[in-house]
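Okay, entry34.txt is below, compact mmCIF, C-alpha atoms:
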```
# COMPACT_ATOMS: atom_id res chain seq x y z
CA MET Z 1 140.88 151.70 104.43
CA ASN Z 2 143.82 151.27 106.80
CA ILE Z 3 146.07 153.82 105.09
CA PRO Z 4 148.65 155.10 107.61
CA ASP Z 5 148.67 158.75 108.63
CA THR Z 6 151.39 160.82 107.04
CA LYS Z 7 153.01 164.23 107.39
CA HIS Z 8 153.37 164.38 103.60
CA PRO Z 9 150.62 165.38 101.13
CA ARG Z 10 148.40 162.45 100.19
CA ILE Z 11 147.81 161.92 96.45
CA VAL Z 12 144.96 159.54 95.65
CA ILE Z 13 144.95 158.07 92.14
CA ILE Z 14 141.81 156.36 90.84
CA GLY Z 15 142.64 153.93 88.04
CA GLY Z 16 145.61 151.72 87.23
CA GLY Z 17 145.66 152.14 83.46
CA PHE Z 18 148.42 153.73 81.40
CA ALA Z 19 147.86 157.18 82.92
CA GLY Z 20 147.61 156.05 86.54
CA VAL Z 21 150.57 153.67 86.40
CA ASN Z 22 152.89 156.24 84.83
CA LEU Z 23 151.85 158.81 87.42
CA VAL Z 24 152.61 156.34 90.23
CA LYS Z 25 156.04 155.64 88.77
CA THR Z 26 156.83 159.36 88.52
CA LEU Z 27 155.96 159.86 92.20
CA ALA Z 28 157.95 156.83 93.40
CA ASN Z 29 159.70 157.47 96.74
CA LYS Z 30 159.08 161.21 96.62
CA LYS Z 31 157.95 163.21 99.67
CA VAL Z 32 154.30 162.40 99.14
CA GLN Z 33 152.01 159.54 100.08
CA VAL Z 34 150.48 157.83 97.04
CA VAL Z 35 147.32 155.72 97.22
CA LEU Z 36 146.38 153.87 94.03
CA ILE Z 37 142.83 152.53 93.84
CA ASP Z 38 141.47 150.19 91.17
CA LYS Z 39 138.65 147.65 90.94
CA HIS Z 40 141.17 145.15 89.51
CA ASN Z 41 144.49 144.24 91.08
CA TYR Z 42 146.28 144.34 87.74
CA HIS Z 43 147.17 146.70 84.92
CA THR Z 44 145.83 145.62 81.51
CA PHE Z 45 147.75 146.24 78.31
CA GLN Z 46 144.59 146.96 76.33
CA PRO Z 47 146.16 147.17 72.83
CA LEU Z 48 146.66 143.39 72.93
CA LEU Z 49 143.26 142.40 74.34
CA TYR Z 50 142.20 141.31 70.87
CA GLN Z 51 144.95 138.66 70.90
CA VAL Z 52 143.49 137.18 74.08
CA SER Z 53 140.06 137.18 72.40
CA SER Z 54 141.43 135.32 69.37
CA SER Z 55 143.47 132.71 71.29
CA GLY Z 56 146.85 134.21 70.44
CA LEU Z 57 147.88 135.08 74.01
CA GLU Z 58 146.95 134.04 77.52
CA PRO Z 59 145.63 136.88 79.70
CA ASP Z 60 148.51 136.78 82.18
CA SER Z 61 150.90 137.86 79.41
CA ILE Z 62 149.15 141.23 78.97
CA ALA Z 63 148.22 141.84 82.62
CA TYR Z 64 150.59 142.89 85.40
CA PRO Z 65 149.95 143.03 89.18
CA LEU Z 66 149.60 146.62 90.40
CA ARG Z 67 151.16 145.74 93.75
CA LYS Z 68 154.23 144.44 91.90
CA ILE Z 69 154.59 147.83 90.19
CA ILE Z 70 154.73 149.67 93.54
CA LYS Z 71 156.50 147.03 95.64
CA LYS Z 72 159.69 149.12 95.87
CA HIS Z 73 157.82 152.40 96.39
CA LYS Z 74 157.95 152.95 100.15
CA ASN Z 75 155.52 155.85 99.86
CA SER Z 76 152.88 154.02 97.79
CA PHE Z 77 149.85 151.90 98.75
CA PHE Z 78 147.30 149.98 96.71
CA ARG Z 79 143.68 149.25 97.57
CA LEU Z 80 141.38 146.94 95.63
CA ALA Z 81 138.13 148.89 95.59
CA GLU Z 82 135.62 150.75 93.45
CA VAL Z 83 135.27 154.48 94.01
CA GLU Z 84 131.58 155.33 94.32
CA GLN Z 85 131.59 159.07 94.98
CA ILE Z 86 133.81 162.11 95.34
CA LEU Z 87 133.10 164.63 98.12
CA PRO Z 88 135.13 167.68 97.00
CA GLU Z 89 133.90 169.89 99.86
CA SER Z 90 135.61 167.64 102.43
CA ASN Z 91 138.43 166.37 100.15
CA GLU Z 92 137.17 162.82 100.55
CA ILE Z 93 136.20 159.83 98.44
CA ILE Z 94 133.70 157.09 99.22
CA THR Z 95 134.74 153.62 98.05
CA SER Z 96 133.36 150.10 98.31
CA ILE Z 97 135.71 149.46 101.26
CA GLY Z 98 135.48 152.78 103.11
CA HIS Z 99 136.22 156.50 103.06
CA LEU Z 100 139.57 158.19 102.43
CA THR Z 101 140.67 161.83 102.56
CA TYR Z 102 143.08 163.34 100.05
CA ASP Z 103 145.17 166.44 99.51
CA TYR Z 104 145.24 165.89 95.76
CA LEU Z 105 142.93 163.64 93.76
CA VAL Z 106 143.73 162.27 90.30
CA ILE Z 107 140.99 160.64 88.23
CA ALA Z 108 142.33 158.18 85.67
CA THR Z 109 139.30 155.93 85.19
CA GLY Z 110 139.57 155.69 81.41
CA THR Z 111 136.60 154.70 79.26
CA LYS Z 112 133.86 152.13 78.97
CA THR Z 113 132.01 150.73 75.97
CA ASN Z 114 129.59 153.15 74.31
CA TYR Z 115 126.40 151.54 72.98
CA PHE Z 116 124.91 154.90 71.95
CA GLY Z 117 121.75 154.16 73.92
CA ASN Z 118 120.90 150.93 72.06
CA LYS Z 119 119.77 148.61 74.87
CA ALA Z 120 119.31 145.58 72.63
CA ILE Z 121 122.90 145.75 71.40
CA GLU Z 122 124.10 146.32 74.97
CA SER Z 123 122.24 143.18 76.08
CA TYR Z 124 123.31 140.79 73.34
CA SER Z 125 126.63 141.98 71.91
CA MET Z 126 130.13 141.18 73.16
CA PRO Z 127 132.23 144.14 74.39
CA MET Z 128 136.03 143.95 74.64
CA LYS Z 129 137.35 146.46 77.18
CA SER Z 130 138.70 144.13 79.86
CA VAL Z 131 140.44 140.78 80.33
CA PRO Z 132 137.24 138.97 81.47
CA GLN Z 133 135.41 140.29 78.39
CA ALA Z 134 138.24 139.16 76.10
CA LEU Z 135 138.08 135.69 77.67
CA ASN Z 136 134.32 135.65 77.11
CA ILE Z 137 134.87 136.31 73.41
CA ARG Z 138 137.55 133.61 73.21
CA SER Z 139 135.24 131.07 74.84
CA LEU Z 140 132.29 132.03 72.63
CA ILE Z 141 134.31 131.73 69.42
CA LEU Z 142 135.58 128.27 70.35
CA GLN Z 143 132.16 127.17 71.63
CA ASN Z 144 130.64 128.28 68.33
CA PHE Z 145 133.13 126.09 66.45
CA GLU Z 146 132.12 123.12 68.60
CA LYS Z 147 128.41 123.79 68.11
CA ALA Z 148 128.87 124.24 64.37
CA ALA Z 149 130.48 120.80 64.20
CA ILE Z 150 127.29 119.19 65.54
CA ALA Z 151 124.73 121.54 63.94
CA ASN Z 152 121.74 119.80 62.37
CA SER Z 153 121.25 122.22 59.49
CA ALA Z 154 123.29 124.44 57.21
CA LYS Z 155 121.39 127.50 58.45
CA GLU Z 156 122.23 126.75 62.07
CA ARG Z 157 125.87 126.09 61.18
CA GLU Z 158 126.01 129.37 59.27
CA ALA Z 159 124.85 131.34 62.33
CA TYR Z 160 127.56 129.80 64.50
CA LEU Z 161 130.25 130.51 61.90
CA ASN Z 162 129.11 134.06 61.10
CA PHE Z 163 131.16 136.59 63.10
CA VAL Z 164 130.11 140.24 62.99
CA ILE Z 165 132.44 142.96 64.27
CA VAL Z 166 130.99 146.45 64.55
CA GLY Z 167 133.49 149.31 64.37
CA ALA Z 168 136.50 149.39 62.04
CA GLY Z 169 138.82 151.40 64.21
CA PRO Z 170 142.15 149.82 65.27
CA THR Z 171 140.43 147.39 67.67
CA GLY Z 172 137.89 146.17 65.12
CA VAL Z 173 140.41 145.90 62.30
CA GLU Z 174 142.94 144.00 64.42
CA LEU Z 175 140.30 141.63 65.78
CA ALA Z 176 138.86 140.96 62.32
CA GLY Z 177 142.33 140.07 61.04
CA ALA Z 178 142.99 137.79 64.01
CA ILE Z 179 139.69 135.91 63.62
CA ALA Z 180 140.39 135.58 59.88
CA GLU Z 181 143.67 133.87 60.76
CA LEU Z 182 141.71 131.45 62.94
CA LYS Z 183 139.58 130.65 59.90
CA ASN Z 184 142.53 130.27 57.54
CA ASN Z 185 145.00 128.44 59.79
CA ILE Z 186 143.20 126.78 62.69
CA LEU Z 187 139.79 125.71 61.40
CA PRO Z 188 141.16 123.47 58.59
CA ARG Z 189 143.48 121.64 61.00
CA ASP Z 190 141.39 121.36 64.16
CA TYR Z 191 137.92 120.91 62.64
CA HIS Z 192 138.17 118.48 59.73
CA ASP Z 193 134.39 118.15 59.67
CA LEU Z 194 133.87 121.87 59.03
CA ASN Z 195 134.34 123.68 55.73
CA PRO Z 196 136.37 126.90 56.29
CA ASN Z 197 134.44 128.49 53.42
CA ASP Z 198 131.32 128.34 55.60
CA MET Z 199 132.93 130.75 58.09
CA HIS Z 200 132.43 134.46 57.42
CA ILE Z 201 133.84 137.53 59.17
CA HIS Z 202 131.91 140.75 58.63
CA LEU Z 203 133.45 144.10 59.61
CA LEU Z 204 130.87 146.91 59.71
CA GLU Z 205 131.81 150.60 59.91
CA GLY Z 206 129.54 153.64 60.04
CA ALA Z 207 132.12 155.92 58.40
CA ASP Z 208 133.07 155.78 54.73
CA ARG Z 209 136.36 153.95 55.36
CA VAL Z 210 138.09 151.65 57.81
CA LEU Z 211 140.48 153.14 60.40
CA PRO Z 212 138.81 156.59 60.35
CA PRO Z 213 141.34 158.08 62.84
CA MET Z 214 144.26 157.20 60.56
CA SER Z 215 145.31 158.46 57.12
CA GLU Z 216 143.51 157.51 53.92
CA HIS Z 217 146.68 155.69 52.88
CA ALA Z 218 146.46 153.50 55.99
CA SER Z 219 142.72 152.94 55.44
CA LYS Z 220 143.16 151.74 51.86
CA LYS Z 221 146.08 149.48 52.79
CA ALA Z 222 144.19 148.03 55.77
CA GLU Z 223 141.07 147.33 53.71
CA THR Z 224 143.17 145.60 51.05
CA PHE Z 225 144.85 143.43 53.68
CA LEU Z 226 141.50 142.56 55.28
CA LYS Z 227 139.94 141.53 51.99
CA ARG Z 228 142.94 139.34 51.19
CA LEU Z 229 142.31 137.54 54.48
CA GLY Z 230 138.69 136.99 53.50
CA VAL Z 231 137.06 139.64 55.72
CA LYS Z 232 133.89 141.18 54.27
CA VAL Z 233 134.13 144.95 54.87
CA SER Z 234 130.98 147.11 54.80
CA CYS Z 235 131.41 150.87 55.26
CA ASN Z 236 128.61 153.44 55.71
CA THR Z 237 126.84 150.67 57.60
CA ILE Z 238 125.25 151.22 61.02
CA VAL Z 239 123.82 148.40 63.11
CA LYS Z 240 120.29 149.29 64.16
CA HIS Z 241 119.30 146.16 66.08
CA TYR Z 242 120.60 142.83 67.34
CA ASP Z 243 118.48 140.30 69.22
CA GLY Z 244 121.17 137.70 69.79
CA LYS Z 245 120.37 135.97 66.49
CA THR Z 246 119.81 138.52 63.70
CA VAL Z 247 121.85 141.63 62.91
CA THR Z 248 119.87 144.43 61.24
CA THR Z 249 121.56 147.45 59.65
CA ASN Z 250 120.60 150.75 57.98
CA ALA Z 251 121.61 149.33 54.61
CA ASP Z 252 118.85 146.71 54.66
CA LEU Z 253 121.61 144.22 55.30
CA ALA Z 254 120.48 141.48 57.67
CA MET Z 255 122.47 138.44 58.69
CA GLU Z 256 122.08 135.55 61.07
CA SER Z 257 124.87 135.44 63.64
CA GLU Z 258 125.40 134.06 67.13
CA THR Z 259 128.28 136.49 67.66
CA LEU Z 260 128.31 140.27 67.41
CA ILE Z 261 131.41 141.95 68.83
CA TRP Z 262 130.92 145.64 69.60
CA ALA Z 263 134.01 147.79 68.96
CA ALA Z 264 132.14 150.84 67.71
CA GLY Z 265 133.07 153.38 70.34
CA VAL Z 266 133.85 154.32 73.91
CA THR Z 267 132.61 156.87 76.39
CA GLY Z 268 134.23 158.25 79.52
CA ALA Z 269 133.77 156.63 82.92
CA PRO Z 270 133.37 159.60 85.30
CA ILE Z 271 132.69 159.30 89.04
CA HIS Z 272 129.67 160.82 90.74
CA GLY Z 273 130.25 163.89 92.89
CA LEU Z 274 131.69 166.75 90.86
CA LYS Z 275 129.70 169.62 89.36
CA SER Z 276 127.93 168.85 86.12
CA GLU Z 277 129.85 171.73 84.49
CA ALA Z 278 133.08 169.78 85.06
CA ILE Z 279 131.98 167.08 82.63
CA MET Z 280 131.55 167.37 78.88
CA GLU Z 281 128.20 165.59 78.65
CA ARG Z 282 128.45 164.30 75.09
CA ALA Z 283 131.88 162.72 75.61
CA ASN Z 284 131.45 161.95 79.34
CA ARG Z 285 134.96 163.33 79.93
CA TYR Z 286 136.19 165.84 82.51
CA ASN Z 287 136.95 169.33 81.23
CA VAL Z 288 140.56 170.04 82.20
CA ASN Z 289 143.00 172.89 81.63
CA ARG Z 290 146.53 172.59 80.22
CA PHE Z 291 147.73 171.33 83.63
CA ASN Z 292 145.06 168.60 83.76
CA GLN Z 293 143.16 170.36 86.55
CA VAL Z 294 139.44 169.64 86.45
CA GLU Z 295 137.40 172.78 85.80
CA ASP Z 296 136.62 174.68 89.05
CA TYR Z 297 138.73 172.35 91.24
CA ALA Z 298 142.26 173.36 92.22
CA ASN Z 299 143.27 170.02 93.78
CA ILE Z 300 141.41 167.55 91.52
CA PHE Z 301 142.99 166.39 88.28
CA ALA Z 302 141.99 164.09 85.42
CA ILE Z 303 144.40 162.37 83.03
CA GLY Z 304 144.24 159.94 80.15
CA ASP Z 305 141.08 158.99 78.28
CA ILE Z 306 138.79 160.55 80.88
CA ALA Z 307 140.37 164.02 80.43
CA LEU Z 308 139.15 166.43 77.76
CA MET Z 309 141.79 169.08 77.11
CA PRO Z 310 140.90 171.22 74.07
CA THR Z 311 143.93 172.77 72.37
CA GLU Z 312 144.52 174.49 69.06
CA ALA Z 313 145.90 171.28 67.59
CA TYR Z 314 143.22 169.08 69.24
CA PRO Z 315 140.03 171.15 69.63
CA LYS Z 316 138.01 168.05 70.58
CA GLY Z 317 140.63 166.79 73.02
CA HIS Z 318 143.51 164.38 72.57
CA PRO Z 319 142.96 160.94 71.01
CA GLN Z 320 141.90 158.29 73.51
CA VAL Z 321 144.95 156.08 73.06
CA ALA Z 322 147.90 155.10 75.22
CA GLN Z 323 150.42 157.82 74.37
CA PRO Z 324 148.47 160.88 75.64
CA ALA Z 325 147.70 158.96 78.84
CA ILE Z 326 151.35 158.01 79.39
CA GLN Z 327 152.60 161.53 78.70
CA GLN Z 328 149.96 163.16 80.90
CA GLY Z 329 150.74 160.76 83.75
CA ASN Z 330 154.44 161.54 83.56
CA LEU Z 331 153.97 165.31 83.43
CA LEU Z 332 151.31 165.47 86.14
CA GLY Z 333 153.62 163.65 88.55
CA LYS Z 334 156.25 166.34 88.05
CA ASN Z 335 153.63 169.09 88.22
CA LEU Z 336 152.20 167.82 91.51
CA LEU Z 337 155.67 167.99 93.04
CA ARG Z 338 156.04 171.54 91.66
CA LEU Z 339 152.64 172.46 93.08
CA ILE Z 340 153.65 171.19 96.52
CA ASP Z 341 156.91 173.16 96.30
CA LYS Z 342 154.94 176.25 95.16
CA LYS Z 343 156.68 176.31 91.78
CA PRO Z 344 155.00 177.19 88.46
CA LEU Z 345 153.38 174.31 86.58
CA LYS Z 346 154.32 173.24 83.06
CA PRO Z 347 151.48 172.99 80.52
CA PHE Z 348 150.89 169.71 78.74
CA VAL Z 349 151.99 169.49 75.12
CA TYR Z 350 151.21 166.24 73.37
CA LYS Z 351 154.04 164.72 71.36
CA ASP Z 352 152.35 162.62 68.69
CA LYS Z 353 154.52 159.59 68.04
CA GLY Z 354 152.25 158.29 65.31
CA SER Z 355 149.60 155.60 65.11
CA MET Z 356 149.54 152.03 63.87
CA ALA Z 357 147.37 148.98 63.47
CA THR Z 358 148.07 145.37 62.54
CA ILE Z 359 145.83 143.30 60.31
CA GLY Z 360 147.55 139.95 60.77
CA ARG Z 361 150.69 138.11 59.85
CA ASN Z 362 153.13 140.40 57.98
CA LYS Z 363 150.38 142.99 57.57
CA ALA Z 364 150.21 146.33 59.40
CA VAL Z 365 149.91 150.06 58.71
CA VAL Z 366 151.88 152.86 60.34
CA ASP Z 367 151.23 156.61 60.25
CA LEU Z 368 154.18 158.76 61.31
CA LYS Z 369 154.44 162.54 60.99
CA HIS Z 370 156.29 162.48 57.70
CA TYR Z 371 155.98 158.84 56.61
CA LYS Z 372 153.09 156.48 55.99
CA PHE Z 373 153.67 152.86 55.06
CA GLY Z 374 152.28 149.35 55.38
CA GLY Z 375 153.26 145.70 55.00
CA PHE Z 376 155.97 143.60 56.62
CA PHE Z 377 158.17 146.47 57.86
CA ALA Z 378 155.15 148.19 59.44
CA TRP Z 379 154.19 144.87 61.05
CA PHE Z 380 157.70 144.48 62.47
CA ILE Z 381 157.60 148.02 63.92
CA TRP Z 382 154.14 147.36 65.39
CA MET Z 383 155.44 144.21 67.12
CA PHE Z 384 158.55 145.93 68.49
CA VAL Z 385 156.66 148.94 69.85
CA HIS Z 386 154.00 146.82 71.54
CA LEU Z 387 156.53 144.38 72.93
CA MET Z 388 158.62 147.13 74.52
CA SER Z 389 155.50 148.87 75.87
CA LEU Z 390 154.42 145.87 77.92
CA VAL Z 391 154.86 146.19 81.67
CA GLY Z 392 157.32 143.64 83.07
CA PHE Z 393 160.21 141.65 81.60
CA ARG Z 394 158.37 138.34 82.05
CA ASN Z 395 155.41 139.54 79.99
CA ARG Z 396 157.72 140.65 77.18
CA VAL Z 397 159.45 137.25 77.11
CA ILE Z 398 156.16 135.33 77.13
CA VAL Z 399 154.62 137.46 74.39
CA LEU Z 400 157.76 137.24 72.25
CA PHE Z 401 157.82 133.45 72.65
CA ASN Z 402 154.13 133.16 71.73
CA TRP Z 403 154.51 135.40 68.71
CA THR Z 404 157.56 133.44 67.51
CA TYR Z 405 155.76 130.11 68.03
CA ASN Z 406 152.65 131.36 66.25
CA TYR Z 407 154.69 132.74 63.35
CA ILE Z 408 156.64 129.52 62.78
CA ASN Z 409 153.73 127.12 63.25
CA PHE Z 410 150.80 129.19 61.95
CA ASP Z 411 149.21 128.34 65.29
CA LYS Z 412 147.34 130.00 68.16
CA ALA Z 413 148.18 127.98 71.24
CA ALA Z 414 145.65 129.43 73.72
CA ARG Z 415 142.60 127.67 72.25
CA LEU Z 416 141.13 126.79 75.64
CA ILE Z 417 137.57 127.05 76.90
CA ILE Z 418 138.58 127.49 80.54
CA ARG Z 419 135.44 129.33 81.55
CA PRO Z 420 132.50 128.53 79.26
CA PHE Z 421 130.53 131.60 78.29
CA LYS Z 422 126.76 131.65 78.63
CA LYS Z 423 124.67 134.31 76.92
```

Could you write out this structure as structure tokens?
Amino acid sequence: MNIPDTKHPRIVIIGGGFAGVNLVKTLANKKVQVVLIDKHNYHTFQPLLYQVSSSGLEPDSIAYPLRKIIKKHKNSFFRLAEVEQILPESNEIITSIGHLTYDYLVIATGTKTNYFGNKAIESYSMPMKSVPQALNIRSLILQNFEKAAIANSAKEREAYLNFVIVGAGPTGVELAGAIAELKNNILPRDYHDLNPNDMHIHLLEGADRVLPPMSEHASKKAETFLKRLGVKVSCNTIVKHYDGKTVTTNADLAMESETLIWAAGVTGAPIHGLKSEAIMERANRYNVNRFNQVEDYANIFAIGDIALMPTEAYPKGHPQVAQPAIQQGNLLGKNLLRLIDKKPLKPFVYKDKGSMATIGRNKAVVDLKHYKFGGFFAWFIWMFVHLMSLVGFRNRVIVLFNWTYNYINFDKAARLIIRPFKK
């Protein structure tokens, strides 16, 4: 892999998400050698993927080159590769471009889409966990509009204009609101030969309310906002089958749709090689202690969504969102330096800064420790937090410009089928 020899301990980090990037930053120019490995050469700001899917943002405004993050870190190296196996006995990893030894290994591979074993849904639905997948959804939505405009029958047109989103967590709710804004603001202007009333957005949720991880106050507000936008919300509804044309549910609800977007859950993305006892099978996450050490391995760590750290406050592990990943990355960097200096490690304590979701223009919900609110002020806070969390000044400027343009003109400027999607 052409990594230079070093007299300092080598820390290999697998994954350039929130956890991995914050760990790299913490170790910048310290007396260690850092090797960051990822199958993409960019960091993705996943909370805004839905805006790429719905033509609100171009992908380069939510992605940032990993090499640019470490360009001033003299002790850091990046390799574009996929890690295939861990060999803990020899402190070595096998990647798609070669082998590499490590002194300390950090797994920050995050999650992948969970289809709960339903192969039909896996084959025909649209996931949204990466930039290419978000672009696929964007292309499919716009292609469906074009096909609807030339459809020969009302039934065919209905299938192209029927959008089904499965999973009413933050991702599903935000995407449903964004597609509803396409219906309300873009379809009447761009497609004069289509009736916006023929377009339907269905949001299906297996639980008894939308936004199950958030408060009931947020759920009720969010559902009200969604219904005002014209989204049809169905709770206690589980999709049993999808063949690319017909969606079948447990509630005897069947609908014809060319588009089913799967946002119903995630599962960990572990790497082959560690003992089976190190992985919580149901969640596919590594069992870690309060210092993020993987069970039974003194020099292997896991952070972020892939790490399962049961605590009194979080018996099932921390929520799989950005903040735990960021905080674990920051602390582990400091703890690795303490470990090298033979100093005691500090246990991880999650500082919950709250949760939020946006449902569209002037509509959002925010859950803080002592306050819960929704509406315009919540929407403004959501925008500010996400804007400041983006990596890179350029990305913040571009996103702010796009949001301002969209707000003034009721427009989504990225309505481009650059790479047509084929099922």

Note to self: Would you pick out the contacts of Ala120 in chain Z at 10 Å or less, using only C-alpha atoms, so that residues sharing its chain but fewer than 5 positions from it are not included, and give the list as a list in words?
What the structure shows: Tyr115, Ser125, Lys240, His241, Tyr242, Asp243 and Gly244 of chain Z

Counting only C-alpha atoms, which residues in range 73-180 of chain Z sit no more than 7 Å from range 15-24 of chain Z? For each one, give the nearest pair of atoms and the distance in Å, sorted by chain then residue number, as JSON lines.
```
{"residue": "Z:Ile107", "atom": "CA", "partner": "Z:Gly15", "partner_atom": "CA", "distance": 6.9}
{"residue": "Z:Ala108", "atom": "CA", "partner": "Z:Gly15", "partner_atom": "CA", "distance": 4.9}
{"residue": "Z:Thr109", "atom": "CA", "partner": "Z:Gly15", "partner_atom": "CA", "distance": 4.8}
```

Next item on the list: Measuring atom to atom with only C-alpha atoms, identify which of Z:Gly273, Z:Lys119, Z:Ile11, Z:Leu57 is nearest to Leu400 in chain Z.
Entry: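 The closest residue to Leu400 in chain Z is Z:Leu57.
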
Which residues of range 225-290 of chain Z come within 12 Å of range 315-329 of chain Z, and what is each one's closest atom pair and distance in Å (one decimal), counting all atoms listed in the file, sorted by chain and residue number, as JSON lines?
```
{"residue": "Z:Gly265", "atom": "CA", "partner": "Z:Gln320", "partner_atom": "CA", "distance": 10.6}
{"residue": "Z:Val266", "atom": "CA", "partner": "Z:Gln320", "partner_atom": "CA", "distance": 9.0}
{"residue": "Z:Thr267", "atom": "CA", "partner": "Z:Gln320", "partner_atom": "CA", "distance": 9.8}
{"residue": "Z:Gly268", "atom": "CA", "partner": "Z:Gln320", "partner_atom": "CA", "distance": 9.7}
{"residue": "Z:Met280", "atom": "CA", "partner": "Z:Lys316", "partner_atom": "CA", "distance": 10.5}
{"residue": "Z:Arg282", "atom": "CA", "partner": "Z:Lys316", "partner_atom": "CA", "distance": 11.2}
{"residue": "Z:Ala283", "atom": "CA", "partner": "Z:Lys316", "partner_atom": "CA", "distance": 9.6}
{"residue": "Z:Arg285", "atom": "CA", "partner": "Z:Gly317", "partner_atom": "CA", "distance": 9.6}
{"residue": "Z:Tyr286", "atom": "CA", "partner": "Z:Gly317", "partner_atom": "CA", "distance": 10.5}
{"residue": "Z:Asn287", "atom": "CA", "partner": "Z:Gly317", "partner_atom": "CA", "distance": 9.3}
{"residue": "Z:Val288", "atom": "CA", "partner": "Z:Gly317", "partner_atom": "CA", "distance": 9.7}
{"residue": "Z:Asn289", "atom": "CA", "partner": "Z:Gly317", "partner_atom": "CA", "distance": 10.8}
{"residue": "Z:Arg290", "atom": "CA", "partner": "Z:Gln328", "partner_atom": "CA", "distance": 10.1}
```

Checklist line | Distance in Å - CA of Ile141 in chain Z versus CA of Leu416 in chain Z | finding: 10.5 Å

Next item on the list: Would you be able to write out as a PyMOL selection string which residues have an atom within 9 Å of (145.3, 136.6, 74.1) in the file's coordinates, counting all atoms listed in the file?
Entry: chain Z and resi 48-62+131+134-135+138+414

Next item on the list: Quick one: everything within 8 Å of Leu87 in chain Z, counting only C-alpha atoms, minus sequence neighbours fewer than 4 positions away in the same chain. Send it as a PyMOL selection string.
Entry: chain Z and resi 91-94+273-274

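The interatomic distance for the pair CA of Lys232 in chain Z and CA of His202 in chain Z works out to 4.8 Å.
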
Next item on the list: Dump as a list in words all residues having an atom at most 12 Å from (145.1, 126.9, 56.1), computed in the file's coordinates with only C-alpha atoms.
Entry: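 Residues lying no farther than 12 Å from the given point: Ala180, Glu181, Leu182, Lys183, Asn184, Asn185, Ile186, Leu187, Pro188, Arg189, Asp190, Tyr191, His192, Asn195, Pro196, Asn197, Leu229, Asn409, Phe410 and Asp411 of chain Z.
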
Next item on the list: Quick one: pull the distance between CA of Gly172 in chain Z and CA of Ala222 in chain Z, Å, one decimal.
Entry: 11.4 Å

Checklist line | Residue nearest His8 in chain Z among Z:Ile340, Z:Glu223, Z:Gln293, Z:Asn250 (counting all atoms listed in the file) | finding: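 Ranking Z:Ile340, Z:Glu223, Z:Gln293, Z:Asn250 by distance to His8 in chain Z, first place goes to Z:Ile340.
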
Item checked: Closest of Z:Lys363, Z:Tyr314, Z:Phe380, Z:Lys68 to Val349 in chain Z - atom-to-atom distances counting all atoms listed in the file -> Z:Tyr314

Report as CSV the residues of range 79-167 of chain Z within 8 Å of range 256-263 of chain Z, each with its shortest atom pair and distance in Å (one decimal), using only C-alpha atoms, ordered by chain and increasing residue number.
```
residue,atom,partner,partner_atom,distance
Z:Thr113,CA,Z:Ala263,CA,7.9
Z:Tyr124,CA,Z:Leu260,CA,7.8
Z:Ser125,CA,Z:Leu260,CA,5.1
Z:Met126,CA,Z:Ile261,CA,4.6
Z:Pro127,CA,Z:Trp262,CA,5.2
Z:Met128,CA,Z:Ala263,CA,7.1
Z:Leu140,CA,Z:Thr259,CA,7.8
Z:Ile141,CA,Z:Thr259,CA,7.9
Z:Asn144,CA,Z:Glu258,CA,7.9
Z:Glu158,CA,Z:Glu256,CA,7.5
Z:Ala159,CA,Z:Ser257,CA,4.3
Z:Tyr160,CA,Z:Glu258,CA,5.5
Z:Leu161,CA,Z:Ser257,CA,7.5
Z:Asn162,CA,Z:Ser257,CA,5.1
Z:Phe163,CA,Z:Thr259,CA,5.4
Z:Val164,CA,Z:Leu260,CA,4.8
Z:Ile165,CA,Z:Ile261,CA,4.8
Z:Val166,CA,Z:Trp262,CA,5.1
Z:Gly167,CA,Z:Ala263,CA,4.9
```

Resulting file, chosen residues, C-alpha atoms, as an mmCIF file, keeping the file's coordinate frame:
```
data_model
loop_
_atom_site.group_PDB
_atom_site.id
_atom_site.type_symbol
_atom_site.label_atom_id
_atom_site.label_comp_id
_atom_site.auth_asym_id
_atom_site.auth_seq_id
_atom_site.Cartn_x
_atom_site.Cartn_y
_atom_site.Cartn_z
ATOM 1 C CA THR Z 113 132.010 150.730 75.970
ATOM 2 C CA TYR Z 124 123.310 140.790 73.340
ATOM 3 C CA SER Z 125 126.630 141.980 71.910
ATOM 4 C CA MET Z 126 130.130 141.180 73.160
ATOM 5 C CA PRO Z 127 132.230 144.140 74.390
ATOM 6 C CA MET Z 128 136.030 143.950 74.640
ATOM 7 C CA LEU Z 140 132.290 132.030 72.630
ATOM 8 C CA ILE Z 141 134.310 131.730 69.420
ATOM 9 C CA ASN Z 144 130.640 128.280 68.330
ATOM 10 C CA GLU Z 158 126.010 129.370 59.270
ATOM 11 C CA ALA Z 159 124.850 131.340 62.330
ATOM 12 C CA TYR Z 160 127.560 129.800 64.500
ATOM 13 C CA LEU Z 161 130.250 130.510 61.900
ATOM 14 C CA ASN Z 162 129.110 134.060 61.100
ATOM 15 C CA PHE Z 163 131.160 136.590 63.100
ATOM 16 C CA VAL Z 164 130.110 140.240 62.990
ATOM 17 C CA ILE Z 165 132.440 142.960 64.270
ATOM 18 C CA VAL Z 166 130.990 146.450 64.550
ATOM 19 C CA GLY Z 167 133.490 149.310 64.370
#
```

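Minimum atom-to-atom distances from Z:Thr311, Z:Asn330, Z:Ser389, Z:Ser219 to Gly374 in chain Z were compared using only C-alpha atoms, and the lowest value belongs to Z:Ser219.
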
Next item on the list: For Phe301 in chain Z, please output as a ChimeraX atom specification all residues within 6 Å (counting only C-alpha atoms; exclusion window: fewer than 4 positions along the same chain).
Entry: /Z:106,292-294
